[in-house]
>>> print(open('entry-v6.cif').read())   # mmCIF, C-alpha atoms and all ligand atoms
data_run
loop_
_atom_site.label_atom_id
_atom_site.label_comp_id
_atom_site.auth_asym_id
_atom_site.auth_seq_id
_atom_site.Cartn_x
_atom_site.Cartn_y
_atom_site.Cartn_z
CA MET I 1 -19.31 -54.97 113.39
CA ALA I 2 -15.84 -56.11 114.14
CA ARG I 3 -14.96 -59.70 113.48
CA GLY I 4 -14.84 -60.25 117.18
CA GLY I 5 -18.37 -59.15 117.94
CA ARG I 6 -19.55 -56.11 119.85
CA PHE I 7 -16.07 -54.66 120.30
CA TRP I 8 -12.81 -55.48 121.91
CA PRO I 9 -10.89 -52.62 123.44
CA GLY I 10 -7.42 -51.84 122.21
CA LEU I 11 -4.52 -50.91 124.32
CA ALA I 12 -6.24 -47.84 125.64
CA LEU I 13 -4.59 -45.89 128.37
CA ALA I 14 -5.56 -47.61 131.57
CA LEU I 15 -6.98 -45.54 134.35
CA VAL I 16 -4.81 -46.34 137.31
CA MET I 17 -6.87 -46.48 140.43
CA GLY I 18 -5.79 -46.34 144.03
CA GLY I 19 -4.61 -49.38 145.91
CA ALA I 20 -7.08 -52.19 146.42
CA PRO I 21 -8.67 -52.24 149.86
CA ALA I 22 -7.97 -55.06 152.23
CA PRO I 23 -10.37 -57.99 151.69
CA PRO I 24 -13.07 -58.49 154.29
CA ALA I 25 -12.58 -61.24 156.82
CA ALA I 26 -15.28 -63.31 155.17
CA LEU I 27 -13.04 -63.64 152.12
CA ALA I 28 -9.93 -64.63 154.04
CA ALA I 29 -10.07 -68.10 152.53
CA ALA I 30 -9.55 -66.74 149.02
CA PRO I 31 -6.52 -68.30 147.34
CA ALA I 32 -3.16 -66.61 147.40
CA ALA I 33 -1.66 -65.51 144.12
CA GLY I 34 0.14 -68.30 142.36
CA ARG I 35 -1.56 -71.10 144.22
CA GLU I 36 -1.77 -74.26 142.16
CA ILE I 37 -5.38 -74.97 141.31
CA SER I 38 -5.67 -78.40 139.77
CA PRO I 39 -8.06 -80.05 139.38
CA PRO I 40 -10.48 -77.17 139.14
CA GLU I 41 -12.72 -76.57 142.10
CA MET I 42 -16.33 -76.91 141.06
CA LEU I 43 -18.94 -75.03 143.10
CA LEU I 44 -22.53 -76.23 143.38
CA ILE I 45 -25.06 -73.60 142.33
CA PRO I 46 -28.39 -74.65 143.83
CA GLY I 47 -31.44 -75.02 141.66
CA GLY I 48 -33.86 -72.13 141.76
CA TRP I 49 -34.94 -68.81 140.37
CA PHE I 50 -32.72 -65.85 139.68
CA LEU I 51 -32.97 -62.45 138.01
CA LEU I 52 -31.74 -62.61 134.42
CA GLY I 53 -30.98 -59.49 132.45
CA ASN I 54 -31.41 -55.77 132.88
CA ASP I 55 -33.82 -53.19 131.50
CA HIS I 56 -31.61 -50.12 131.75
CA TRP I 57 -28.55 -50.78 129.59
CA ASP I 58 -28.19 -52.53 126.26
CA SER I 59 -31.48 -53.63 124.73
CA ASP I 60 -30.28 -57.21 124.31
CA GLU I 61 -30.18 -57.58 128.10
CA GLY I 62 -33.91 -57.18 128.40
CA PRO I 63 -36.46 -57.77 129.45
CA ALA I 64 -35.20 -58.42 132.95
CA GLN I 65 -36.97 -61.55 134.10
CA ARG I 66 -37.03 -64.33 136.62
CA ALA I 67 -35.49 -67.44 135.18
CA TYR I 68 -35.17 -70.94 136.62
CA LEU I 69 -32.17 -73.22 136.43
CA PRO I 70 -31.75 -76.66 137.95
CA ALA I 71 -28.68 -77.20 140.12
CA TYR I 72 -25.31 -77.27 138.36
CA TYR I 73 -21.62 -76.94 139.08
CA ILE I 74 -19.41 -74.13 137.86
CA ALA I 75 -15.69 -73.64 138.34
CA ARG I 76 -14.60 -71.23 141.03
CA THR I 77 -11.96 -69.80 138.69
CA GLU I 78 -11.08 -69.54 135.03
CA VAL I 79 -9.06 -72.35 133.40
CA THR I 80 -5.33 -71.69 133.80
CA HIS I 81 -2.36 -72.11 131.49
CA ARG I 82 -1.17 -74.97 133.70
CA GLN I 83 -4.47 -76.79 133.32
CA TYR I 84 -4.70 -76.15 129.59
CA ARG I 85 -1.15 -77.39 128.98
CA ALA I 86 -2.17 -80.79 130.36
CA PHE I 87 -4.66 -80.93 127.48
CA ASP I 88 -2.36 -79.39 124.85
CA PRO I 89 1.32 -80.04 125.60
CA THR I 90 2.31 -77.58 122.86
CA HIS I 91 0.56 -74.71 124.68
CA GLN I 92 2.95 -71.81 125.25
CA PHE I 93 2.70 -69.03 127.81
CA PRO I 94 5.04 -66.59 129.54
CA PRO I 95 7.27 -68.04 132.27
CA GLY I 96 5.77 -67.72 135.71
CA GLU I 97 2.19 -67.39 134.45
CA GLU I 98 1.16 -71.00 135.03
CA ASP I 99 -1.76 -69.92 137.21
CA HIS I 100 -2.93 -67.08 135.00
CA PRO I 101 -6.02 -67.77 132.89
CA VAL I 102 -5.53 -69.27 129.47
CA ALA I 103 -6.59 -66.91 126.67
CA ASN I 104 -6.24 -66.70 122.90
CA VAL I 105 -8.32 -69.83 122.46
CA THR I 106 -11.19 -70.24 120.05
CA TRP I 107 -14.61 -71.40 121.15
CA ALA I 108 -13.93 -74.85 119.68
CA GLU I 109 -10.66 -75.13 121.60
CA ALA I 110 -12.38 -74.12 124.83
CA ASP I 111 -15.17 -76.60 124.16
CA ALA I 112 -12.66 -79.36 123.37
CA TYR I 113 -10.80 -78.72 126.61
CA ALA I 114 -14.04 -78.87 128.57
CA ARG I 115 -15.01 -82.19 126.99
CA TRP I 116 -11.51 -83.59 127.58
CA ALA I 117 -11.89 -82.61 131.24
CA GLY I 118 -15.23 -84.41 131.43
CA LYS I 119 -17.11 -81.14 131.78
CA ARG I 120 -18.63 -78.48 129.53
CA LEU I 121 -18.81 -74.75 129.01
CA PRO I 122 -21.50 -72.97 131.05
CA THR I 123 -24.53 -71.54 129.32
CA GLU I 124 -24.76 -67.78 129.60
CA TRP I 125 -27.68 -68.14 132.01
CA GLU I 126 -25.58 -70.41 134.23
CA TRP I 127 -22.72 -67.94 134.05
CA GLU I 128 -24.97 -64.99 134.99
CA LYS I 129 -26.62 -66.74 137.93
CA ALA I 130 -23.23 -67.87 139.22
CA ALA I 131 -21.90 -64.32 138.97
CA ARG I 132 -24.79 -62.30 140.43
CA GLY I 133 -26.59 -64.76 142.66
CA PRO I 134 -30.37 -65.02 142.93
CA ASP I 135 -30.96 -61.35 143.75
CA GLY I 136 -29.93 -59.55 140.60
CA ARG I 137 -26.71 -57.87 141.67
CA ARG I 138 -25.13 -55.43 139.26
CA TYR I 139 -21.68 -56.73 140.22
CA PRO I 140 -20.90 -59.96 142.04
CA TRP I 141 -20.45 -58.13 145.34
CA GLY I 142 -23.52 -55.90 145.02
CA ASP I 143 -24.38 -52.67 143.21
CA ASP I 144 -21.46 -50.43 144.23
CA LEU I 145 -18.95 -49.29 141.64
CA GLU I 146 -15.62 -50.51 142.95
CA PRO I 147 -13.25 -50.38 139.97
CA ALA I 148 -10.23 -51.61 141.93
CA TRP I 149 -11.94 -54.81 143.04
CA ALA I 150 -11.53 -56.66 139.76
CA ASN I 151 -8.83 -57.00 137.12
CA THR I 152 -10.25 -54.73 134.45
CA GLY I 153 -8.66 -51.83 132.63
CA ALA I 154 -9.63 -49.65 135.57
CA ALA I 155 -7.33 -51.59 137.88
CA GLY I 156 -4.37 -50.67 135.72
CA LEU I 157 -2.56 -54.01 135.80
CA GLY I 158 -2.27 -54.20 132.03
CA GLY I 159 -2.44 -57.99 131.83
CA THR I 160 -3.88 -61.12 133.34
CA ALA I 161 -3.44 -61.95 137.01
CA PRO I 162 -3.31 -65.34 138.74
CA VAL I 163 -6.84 -66.68 138.92
CA GLY I 164 -8.54 -65.87 142.21
CA SER I 165 -6.00 -63.20 143.12
CA PHE I 166 -8.58 -60.38 143.23
CA PRO I 167 -10.34 -61.60 146.39
CA ARG I 168 -13.22 -59.13 146.11
CA ASP I 169 -14.15 -60.15 142.57
CA VAL I 170 -16.35 -62.85 144.04
CA GLY I 171 -20.08 -63.49 144.00
CA PRO I 172 -22.48 -64.89 146.60
CA PHE I 173 -21.73 -68.48 145.57
CA GLY I 174 -17.96 -68.01 145.79
CA VAL I 175 -17.38 -67.82 142.04
CA MET I 176 -14.36 -65.59 141.33
CA ASP I 177 -13.19 -63.29 138.53
CA THR I 178 -16.53 -62.96 136.77
CA VAL I 179 -16.01 -59.21 136.41
CA GLY I 180 -12.45 -59.28 135.23
CA ASN I 181 -9.20 -61.08 134.37
CA VAL I 182 -10.35 -62.64 131.09
CA ALA I 183 -13.75 -62.51 129.45
CA GLU I 184 -15.21 -65.99 129.11
CA TRP I 185 -16.66 -68.08 126.32
CA THR I 186 -20.03 -69.67 127.07
CA ALA I 187 -21.90 -72.47 125.35
CA SER I 188 -24.68 -70.13 124.21
CA TRP I 189 -25.40 -68.59 120.83
CA TYR I 190 -26.20 -64.89 120.73
CA LEU I 191 -30.00 -64.98 120.80
CA PRO I 192 -32.70 -62.69 122.22
CA TYR I 193 -34.02 -63.40 125.68
CA PRO I 194 -37.60 -64.69 125.98
CA GLY I 195 -39.89 -61.72 125.36
CA GLY I 196 -37.05 -59.63 124.03
CA GLY I 197 -38.59 -59.17 120.66
CA THR I 198 -35.71 -57.15 119.29
CA THR I 199 -34.66 -57.44 115.71
CA ASN I 200 -30.92 -57.65 115.77
CA PRO I 201 -29.10 -58.92 112.68
CA ASP I 202 -26.41 -60.41 114.91
CA PHE I 203 -28.86 -62.74 116.63
CA GLY I 204 -28.65 -66.33 115.44
CA GLU I 205 -26.05 -69.04 115.28
CA SER I 206 -23.13 -66.91 114.12
CA PHE I 207 -21.80 -65.61 117.42
CA ARG I 208 -21.17 -67.27 120.78
CA ILE I 209 -21.83 -65.34 123.95
CA VAL I 210 -18.80 -64.11 125.86
CA ARG I 211 -19.39 -63.01 129.48
CA GLY I 212 -17.59 -60.65 131.79
CA THR I 213 -14.97 -58.14 130.85
CA SER I 214 -11.20 -58.43 131.03
CA TRP I 215 -7.89 -56.95 132.15
CA ASP I 216 -8.20 -54.59 129.16
CA GLY I 217 -11.93 -53.92 129.43
CA ASP I 218 -14.33 -51.31 130.70
CA PHE I 219 -15.36 -51.81 134.31
CA ASP I 220 -18.61 -49.96 134.95
CA CYS I 221 -20.58 -51.07 131.88
CA ASP I 222 -18.94 -54.22 130.56
CA GLY I 223 -18.07 -55.52 134.00
CA ARG I 224 -21.74 -55.78 134.96
CA THR I 225 -23.07 -59.27 135.55
CA ALA I 226 -25.86 -58.78 132.99
CA PHE I 227 -23.59 -57.55 130.18
CA ARG I 228 -23.70 -59.68 127.03
CA ASN I 229 -20.78 -59.68 124.65
CA PHE I 230 -20.37 -62.00 121.69
CA ALA I 231 -17.74 -63.18 119.26
CA ARG I 232 -17.39 -65.38 116.22
CA PRO I 233 -16.51 -68.89 117.35
CA ASP I 234 -13.20 -68.82 115.47
CA PHE I 235 -12.12 -65.58 117.11
CA ARG I 236 -9.16 -65.69 119.48
CA HIS I 237 -7.96 -62.80 121.60
CA PRO I 238 -5.68 -62.25 124.59
CA THR I 239 -8.68 -61.04 126.60
CA ILE I 240 -10.88 -64.15 126.11
CA GLY I 241 -10.60 -67.38 128.09
CA PHE I 242 -13.18 -69.61 129.74
CA ARG I 243 -14.27 -71.57 132.80
CA LEU I 244 -15.90 -74.97 133.18
CA ALA I 245 -19.35 -76.14 134.23
CA GLN I 246 -20.90 -79.52 134.89
CA ASP I 247 -24.34 -80.97 135.38
CA ALA I 248 -25.30 -81.70 138.96
CA THR I 249 -26.37 -85.29 139.32
CA PRO I 250 -28.80 -86.24 142.10
CA CA N 1 -13.41 -63.52 134.04
#
>>> encode(input="entry-v6.cif", output="structure tokens", more="lines below")
Ligand SMILES: [Ca+2]
Amino acid sequence: MARGGRFWPGLALALVMGGAPAPPAALAAAPAAGREISPPEMLLIPGGWFLLGNDHWDSDEGPAQRAYLPAYYIARTEVTHRQYRAFDPTHQFPPGEEDHPVANVTWAEADAYARWAGKRLPTEWEWEKAARGPDGRRYPWGDDLEPAWANTGAAGLGGTAPVGSFPRDVGPFGVMDTVGNVAEWTASWYLPYPGGGTTNPDFGESFRIVRGTSWDGDFDCDGRTAFRNFARPDFRHPTIGFRLAQDATP
């Protein structure tokens, strides 16, 4: 097992797909590339049941089950370089990428930013419900394989994009970039789901769950909303960033 967890793709030859289709009218309010997003926009995810997991891919995703979460907030987009620099004035990033997602941060750094911002990292269950909605979608938009709709290796961009600039990488609650751009740290340890019963030596309090894939990642498998990746908390990588969550108070 690599230090980083399940695996992190190298600079594999990206499969360049055709041009992205025009976004549907319902998504016309999606932000334009480069828009300043500060403070982060937090979306309310209503309390209720959702479908967690999947029985047909990796064994650690099962058993698929209904799970309940109380209401919570989650950020519409990943945390950007601009936002992170307000927390760490020494933070460096390429010119012009202020609104790209921050990456190369450890779990502790992501957690510290979240606390500084008065928020927290989402649990992996919160992340999954926010991405796929209550009805168990394979991707945020549904079950169709649309590799050009998110910033993964299949889109061929070869790097991060401004957050929210792939208007079709959006789920039923309006949460964006859960398939691609950067994979995202969560608050959760890598543990079996209830009823999972699998004996996996990686389960325990050694790895934190990372959700979604990235600009350098595989679309059809790793981009699924149920996919679970994991990494050592001290790992840092140009494909891993994070987004914020917050309790919903009555
Ligand atoms: Ca993402």
>>> residues_near_ligand(input="entry-v6.cif", ligand="ligand CA 1 (chain N)", cutoff="9 Å", atoms="all atoms listed in the file", output="count of residues only")
23
>>> closest_residue(input="entry-v6.cif", among="I:Gly217, I:Pro122, I:Gly195, I:Gly53", to="Thr160 of chain I", atoms="only C-alpha atoms")
I:Gly217
>>> atom_distance(input="entry-v6.cif", atom1="atom CA of Phe219 of chain I", atom2="atom CA of Trp149 of chain I")
9.8 Å
>>> closest_residue(input="entry-v6.cif", among="I:Pro194, I:Gly223, I:Pro162, I:Pro70", to="Leu44 of chain I", atoms="only C-alpha atoms")
I:Pro70
>>> residues_around(input="entry-v6.cif", residues="Arg236 of chain I", least_positions_apart="5", cutoff="6 Å", atoms="only C-alpha atoms", output="ChimeraX atom specification")
/I:104-106
>>> atom_distance(input="entry-v6.cif", atom1="atom CA of Gly196 of chain I", atom2="atom CA of Gly47 of chain I")
24.1 Å
>>> closest_residue(input="entry-v6.cif", among="I:Thr198, I:Tyr139, I:Leu157, I:Trp185", to="Glu109 of chain I", atoms="only C-alpha atoms")
I:Trp185
>>> residues_around(input="entry-v6.cif", residues="Ala86 of chain I", least_positions_apart="4", cutoff="12 Å", atoms="all atoms listed in the file", output="list of chain:residue names")
I:Ser38, I:Pro39, I:Val79, I:Thr80, I:His81, I:Arg82, I:Thr90, I:His91, I:Gln92, I:Glu98, I:Tyr113, I:Trp116, I:Ala117
>>> atom_distance(input="entry-v6.cif", atom1="atom CA of Gly133 of chain I", atom2="atom CA of Val175 of chain I")
9.7 Å
